[in-house]
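Trainee: Take a look at this one; I'll ask things after.
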Amino acid sequence: MKLLIGQILPYITVTLFTLGILYRLGRWAGARIVHNITLSPWLKSNTEVAIRIGAEAFLFRNLFRFDLALWAGALLMHFALLNILGGHVVGFGFLGEQFAFIPGISPELSKEMSDLLGTVFGILLFVALLYLLYRRVALTPVKQVSNPSDILWLVYLLVLVGVGNIMRLFHAVHVEYEMVRDYILALILFQPVMHMELLDNVFFLTHYLLVQVLLILFPFSKLMHLFGMFAERWIVNRVYKDPAPGLPNVDVAAARRAGIGLPSGGAAEEGV
Amino acid sequence: MPEYKGMVQPVRATPDEMRKIHIEPVPDEEKPQKALEYLDEIRKKFRSFVLAMESCTKCGQCAENCHTYLGTRDPNNIPTNRAELIRKIYRRYFTLEGRWFGKLVGAEDISLDIIEQWYSYFYQCSQCRRCAHVCPFGIDTCEVTFIGRQILHWLGITPKLHASVGAAMERVGNHTNLPKPGIVDTLEFMTEEIMDEFGVEVEFPVDKPESDIMYIPSSADFLLNPYTLMGAGMFFTYIGANWTIPSTVTEAGNFGLLFDQYYTQRHNVMRLLNAAQDLGVKKIVWGECGHGWRAAKMYIPSLADRPVRWPITHIHDEVADMIRKNELKLDPAKNSQPVTLHDPCNYVRACGLNENMRVIMRACVSDFREMEPHGMDNFCCGGGSGILFDDPEMYQRRIQLSQKKADQVRATGVGKNGDGILCAPCSICKAQLYPMVEEHELGVEVKGLIDLVGKALVWK
């Protein structure tokens, strides 16, 4: 098990994840934008387009405008997730001392901040996922649009995040940053990792396996909305400029001076 | 066949009627296989469709934002579920996910029942794009139902209404089967009407060579909405334009957009370009028609088979431009009844006409009240994409589909004294709302926007 999850699978995961995403993106690129289906009111410049797509991608503008509860749940979930992913990178990368780059923060304080933030965002992510799951089973329209896989994904993420939180919250199964850093380094350098203490932690192994399965399924699942969102916005949010108004050979003032349309006899005074 | 296994369906065209629009109906037993073939072909072409199939996360935001779901509460009328009718087939045959996990991810085998489901639900969708507008990703269900309807059409399943319109377009160049003598007669009658009612002399030049402007009216304006056409005639006369109406294309609409974007829609585009060339015009101005304006403004560039030498604008663009330049003398007191504006979906979400309509409105009426929501957030009239079916089952459904609109109009209070005006500057909106304001007893009269311009013009 240790050999499979810790030593072999990671290389397979990275390969499938990368190729899978390239496959899906290639599939999308193969079909064309045939007609102009830009949504109006028009965006007038590429700056406006960037602002709109940015607002949709990072602030969930449309959810905010049309469904505040969903906005709150979805934004919290994604924001916490983004921080946790970032936290994994910098936490393992700088061993929790990433905040010490900010003047006035000591390495010890940084480690404490890192711990605190990781714990808080882990719990927030779990709560937000629970809320999204609640919507799927309790709100009629959301229930009506859900496939079994939509609910399964949420449960899957809850388990994954839950195991992660257990490692944070319970000292007995806690994982030190150094252990993970050394392990990742060894993987990158294609060195054996089987002797590492890290792989004896069942919680770590479970968490790690769930992550890898997720990454393998990622390119073939709804999780691809991470990229699909931008690809779709690229179609419907573009710059459009209306053709100039103005009619050829029309001089309204001259036409009115000439009294065009007025009956010569002036017979129909009152209607005019 | 107005119902199939409990689903409402519009009356469909007979095989002979399908042959008139160049489609040989596919026998029932071959339909599932053929549907897959057509789907496979078309999915490789349209990225908007592929992304609608592959990017939805089922957040459910579209549900409460679709007037069809609000009016019927039928789960298959939730935009993402409507798309799911085709997505479950797409998944099953064209994605790894669907092939591996089947029902778990909502993949399903194709069958005749599914095709019948498509026919029922894709023709309850108004293709109003409100779901695209509210979707966090911008996924456009309209792109899915366009393609669903296209596949149905190739299979030989098209509503009688749409098929007969398609045939009429090819025969005479308009949706209502009005031949040139009928057009000329009606226009002469309108000249007399304008003289009687407004006391001004307005000619409607038909096929006048060397005209500067070619005006494309909606053919419904000849019969159902005469004041819109009369308003346009008065406007062009007032500004002293050298204009004409081409007898070969007396149609602002293009039903091809709604059921056959290949032959039917393209054919009508060529017809228009031929007319513009024959008459030597310099600019094309479009009449009041929502889907037709979208088809013209957004689709002619990608459908034309030659360079399009003529700028194409909407009559609202031109009127609003002249109002901004202070060239028109308009008296809002001539339209003193309370007025509210129904924004045609295609104008505000696909063509950017939003502000221009309001410029005109403010200049022409004295008591204008916005409905909520309005502009780009507006709800459809319930008739969008030509689902104006008259058989009893579908007519009942139309009443349901217009429920949201009725609530909106009522909330403005314009119909309180029974003399309000519901301005709906689109022929499909008008055709839907004429009976619907009666069904919902709204106390308003339905009018176009150019109707109000014509009435407000001050001639001296």
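Naming scheme: A, B, ... for chains in displayed order of the structure tokens; residues 1 onward per chain; ligands 1 onward as shown.
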Could you pull the residues within 6 Å of Ile216 in chain A, counting only C-alpha atoms, minus those fewer than 3 positions along the same chain, as a PyMOL selection string?
Mentor: chain A and resi 13+16-17+213
Trainee: Going by DSSP on the backbone, which bits of range 258-458 of chain B are strand (DSSP E)? Write them as a list in words, please.
Mentor: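 Written out, the strand (DSSP E) residues of range 258-458 of chain B are Lys283, Ile284, Val285, Trp286, Ile312, Thr313, His314, Pro338, Val339, Thr340, Leu341, Asp367, Phe368, Arg369, Gly420, Ile421, Leu422, Cys423, Val444, Glu445, Val446 and Lys447 of chain B.
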Trainee: Please, could you write that set of residues out with C-alpha atoms as a PDB file, in the first residue's frame?
Mentor:
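Result went into part.pdb, see below:
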```pdb
ATOM      1  CA  LYS B 283     -28.039  51.202 -45.739  1.00  0.00           C
ATOM      2  CA  ILE B 284     -30.428  48.606 -44.364  1.00  0.00           C
ATOM      3  CA  VAL B 285     -32.713  49.556 -41.487  1.00  0.00           C
ATOM      4  CA  TRP B 286     -34.459  46.834 -39.514  1.00  0.00           C
ATOM      5  CA  ILE B 312     -27.407  47.298 -40.953  1.00  0.00           C
ATOM      6  CA  THR B 313     -28.997  49.191 -38.073  1.00  0.00           C
ATOM      7  CA  HIS B 314     -32.252  48.971 -36.187  1.00  0.00           C
ATOM      8  CA  PRO B 338     -49.375  55.321 -18.525  1.00  0.00           C
ATOM      9  CA  VAL B 339     -46.835  53.211 -20.404  1.00  0.00           C
ATOM     10  CA  THR B 340     -44.542  50.409 -19.348  1.00  0.00           C
ATOM     11  CA  LEU B 341     -41.879  48.801 -21.503  1.00  0.00           C
ATOM     12  CA  ASP B 367     -45.971  58.742 -18.073  1.00  0.00           C
ATOM     13  CA  PHE B 368     -43.329  56.035 -18.459  1.00  0.00           C
ATOM     14  CA  ARG B 369     -42.976  53.448 -15.694  1.00  0.00           C
ATOM     15  CA  GLY B 420     -52.447  51.524 -19.847  1.00  0.00           C
ATOM     16  CA  ILE B 421     -50.033  50.729 -22.640  1.00  0.00           C
ATOM     17  CA  LEU B 422     -47.686  47.777 -22.613  1.00  0.00           C
ATOM     18  CA  CYS B 423     -45.040  48.657 -25.154  1.00  0.00           C
ATOM     19  CA  VAL B 444     -53.351  47.374 -20.984  1.00  0.00           C
ATOM     20  CA  GLU B 445     -53.128  47.689 -24.724  1.00  0.00           C
ATOM     21  CA  VAL B 446     -50.076  46.195 -26.431  1.00  0.00           C
ATOM     22  CA  LYS B 447     -48.185  48.513 -28.763  1.00  0.00           C
TER      23      LYS B 447
END
```
Trainee: Go through A:Gly246, A:Gly6, A:Gly104, A:Gly73 and flag the residue nearest chain B, using only C-alpha atoms for the distances.
Mentor: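 Looking only at the distances to chain B, the closest residue turns out to be A:Gly246.
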Trainee: May I have the residues within 7 Å of range 356-365 of chain B as a PyMOL selection string, using only C-alpha atoms and disregarding those fewer than 5 positions away in the same chain?
Mentor: chain B and resi 316-317+320+330-333+335-336+452-453+456
Trainee: Could those selected residues go to a file with all heavy atoms, as a short mmCIF file (atom, residue, chain, number, x, y, z; two decimals), in the first residue's frame?
Mentor:
```cif
data_model
loop_
_atom_site.label_atom_id
_atom_site.label_comp_id
_atom_site.auth_asym_id
_atom_site.auth_seq_id
_atom_site.Cartn_x
_atom_site.Cartn_y
_atom_site.Cartn_z
N HIS B 316 -34.79 51.62 -34.16
CA HIS B 316 -34.65 52.26 -32.84
C HIS B 316 -33.30 52.98 -32.72
O HIS B 316 -33.23 54.06 -32.12
CB HIS B 316 -34.76 51.23 -31.70
CG HIS B 316 -36.11 50.61 -31.58
ND1 HIS B 316 -36.38 49.58 -30.73
CD2 HIS B 316 -37.28 50.89 -32.20
CE1 HIS B 316 -37.65 49.23 -30.82
NE2 HIS B 316 -38.22 50.00 -31.72
N ASP B 317 -32.25 52.38 -33.28
CA ASP B 317 -30.94 53.03 -33.25
C ASP B 317 -31.01 54.38 -33.94
O ASP B 317 -30.47 55.39 -33.47
CB ASP B 317 -29.88 52.18 -33.99
CG ASP B 317 -29.58 50.88 -33.28
OD1 ASP B 317 -29.66 50.86 -32.04
OD2 ASP B 317 -29.25 49.88 -33.97
N ALA B 320 -33.35 56.91 -32.04
CA ALA B 320 -32.70 57.38 -30.82
C ALA B 320 -31.56 58.35 -31.16
O ALA B 320 -31.36 59.36 -30.48
CB ALA B 320 -32.16 56.19 -30.03
N LEU B 330 -40.88 65.95 -31.03
CA LEU B 330 -41.82 64.95 -30.51
C LEU B 330 -42.58 65.54 -29.34
O LEU B 330 -42.01 66.27 -28.52
CB LEU B 330 -41.05 63.70 -30.05
CG LEU B 330 -40.34 62.92 -31.14
CD1 LEU B 330 -39.18 62.11 -30.58
CD2 LEU B 330 -41.32 62.01 -31.89
N ASP B 331 -43.86 65.24 -29.26
CA ASP B 331 -44.66 65.77 -28.17
C ASP B 331 -45.15 64.62 -27.28
O ASP B 331 -46.08 63.90 -27.65
CB ASP B 331 -45.86 66.53 -28.75
CG ASP B 331 -46.73 67.11 -27.65
OD1 ASP B 331 -46.32 67.01 -26.47
OD2 ASP B 331 -47.80 67.65 -27.97
N PRO B 332 -44.53 64.45 -26.12
CA PRO B 332 -44.92 63.33 -25.24
C PRO B 332 -46.39 63.41 -24.82
O PRO B 332 -46.99 62.39 -24.48
CB PRO B 332 -44.00 63.48 -24.03
CG PRO B 332 -42.98 64.48 -24.40
CD PRO B 332 -43.50 65.29 -25.53
N ALA B 333 -46.96 64.60 -24.83
CA ALA B 333 -48.35 64.75 -24.41
C ALA B 333 -49.29 63.99 -25.33
O ALA B 333 -50.44 63.70 -24.96
CB ALA B 333 -48.72 66.23 -24.36
N ASN B 335 -48.91 61.00 -26.20
CA ASN B 335 -49.05 59.67 -25.60
C ASN B 335 -49.13 59.86 -24.09
O ASN B 335 -48.14 59.72 -23.37
CB ASN B 335 -47.85 58.79 -25.95
CG ASN B 335 -47.79 58.42 -27.42
OD1 ASN B 335 -48.74 57.87 -27.96
ND2 ASN B 335 -46.68 58.75 -28.06
N SER B 336 -50.31 60.21 -23.60
CA SER B 336 -50.41 60.60 -22.19
C SER B 336 -50.83 59.45 -21.28
O SER B 336 -50.81 59.58 -20.07
CB SER B 336 -51.40 61.76 -22.04
OG SER B 336 -52.65 61.35 -22.55
N LEU B 452 -45.57 54.56 -31.01
CA LEU B 452 -45.60 55.73 -30.14
C LEU B 452 -44.84 56.89 -30.76
O LEU B 452 -45.22 58.05 -30.62
CB LEU B 452 -45.02 55.37 -28.76
CG LEU B 452 -45.73 54.21 -28.04
CD1 LEU B 452 -44.99 53.84 -26.76
CD2 LEU B 452 -47.18 54.56 -27.74
N VAL B 453 -43.75 56.57 -31.49
CA VAL B 453 -42.98 57.61 -32.17
C VAL B 453 -43.87 58.27 -33.23
O VAL B 453 -43.97 59.51 -33.31
CB VAL B 453 -41.71 57.03 -32.83
CG1 VAL B 453 -41.01 58.08 -33.69
CG2 VAL B 453 -40.77 56.46 -31.78
N ALA B 456 -46.28 60.58 -31.73
CA ALA B 456 -45.73 61.76 -31.03
C ALA B 456 -45.10 62.78 -31.97
O ALA B 456 -44.79 63.90 -31.55
CB ALA B 456 -44.69 61.30 -30.01
#
```
Trainee: Write out as an mmCIF file with C-alpha atoms, in the first residue's frame all residues of range 210-241 of chain A that DSSP puts in helix (DSSP H, G or I) for this structure's backbone.
Mentor:
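Result file part.cif:
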```
data_model
loop_
_atom_site.group_PDB
_atom_site.id
_atom_site.type_symbol
_atom_site.label_atom_id
_atom_site.label_comp_id
_atom_site.auth_asym_id
_atom_site.auth_seq_id
_atom_site.Cartn_x
_atom_site.Cartn_y
_atom_site.Cartn_z
ATOM 1 C CA LEU A 210 -8.004 10.772 -1.906
ATOM 2 C CA VAL A 211 -6.152 13.763 -3.356
ATOM 3 C CA GLN A 212 -4.515 11.625 -6.006
ATOM 4 C CA VAL A 213 -7.751 9.949 -7.056
ATOM 5 C CA LEU A 214 -9.322 13.391 -7.234
ATOM 6 C CA LEU A 215 -6.541 14.672 -9.463
ATOM 7 C CA ILE A 216 -6.844 11.661 -11.740
ATOM 8 C CA LEU A 217 -10.608 12.142 -12.106
ATOM 9 C CA PHE A 218 -10.343 15.920 -12.304
ATOM 10 C CA PRO A 219 -9.866 16.244 -16.085
ATOM 11 C CA PHE A 220 -12.813 13.934 -16.797
ATOM 12 C CA LYS A 222 -17.266 18.544 -13.524
ATOM 13 C CA LEU A 223 -14.216 19.867 -11.665
ATOM 14 C CA MET A 224 -13.026 21.037 -15.078
ATOM 15 C CA HIS A 225 -15.357 24.006 -14.590
ATOM 16 C CA LEU A 226 -12.223 25.683 -13.265
ATOM 17 C CA PHE A 227 -11.159 26.034 -16.911
ATOM 18 C CA GLY A 228 -14.590 25.722 -18.508
ATOM 19 C CA MET A 229 -15.678 28.876 -16.778
ATOM 20 C CA PHE A 230 -13.022 30.944 -18.545
ATOM 21 C CA ALA A 231 -13.578 29.210 -21.878
ATOM 22 C CA GLU A 232 -17.306 29.927 -21.730
ATOM 23 C CA ARG A 233 -16.845 33.546 -20.657
ATOM 24 C CA TRP A 234 -14.410 33.958 -23.541
ATOM 25 C CA ILE A 235 -17.361 33.243 -25.851
ATOM 26 C CA VAL A 236 -20.099 35.344 -24.258
#
```
Trainee: Using only C-alpha atoms, which residues sit within 9 Å of range 89-103 of chain B once same-chain residues fewer than 2 positions away are excluded, as a ChimeraX atom specification?
Mentor: /A:147-149,217,220-221 /B:36,39-40,43,53-54,84-87,105-110,114
Trainee: Can you list, as a count of residues only, every protein, DNA or RNA residue that comes within 7 Å of Leu155 in chain B when you count only C-alpha atoms, leaving out same-chain residues fewer than 2 positions away?
Mentor: 7
Trainee: Show which residues sit within 12 Å of Lys241 in chain A, as a PyMOL selection string. Count only C-alpha atoms, and ignore same-chain residues fewer than 6 positions away.
Mentor: (chain A and resi 38+40-46) or (chain B and resi 297-298+351-352)
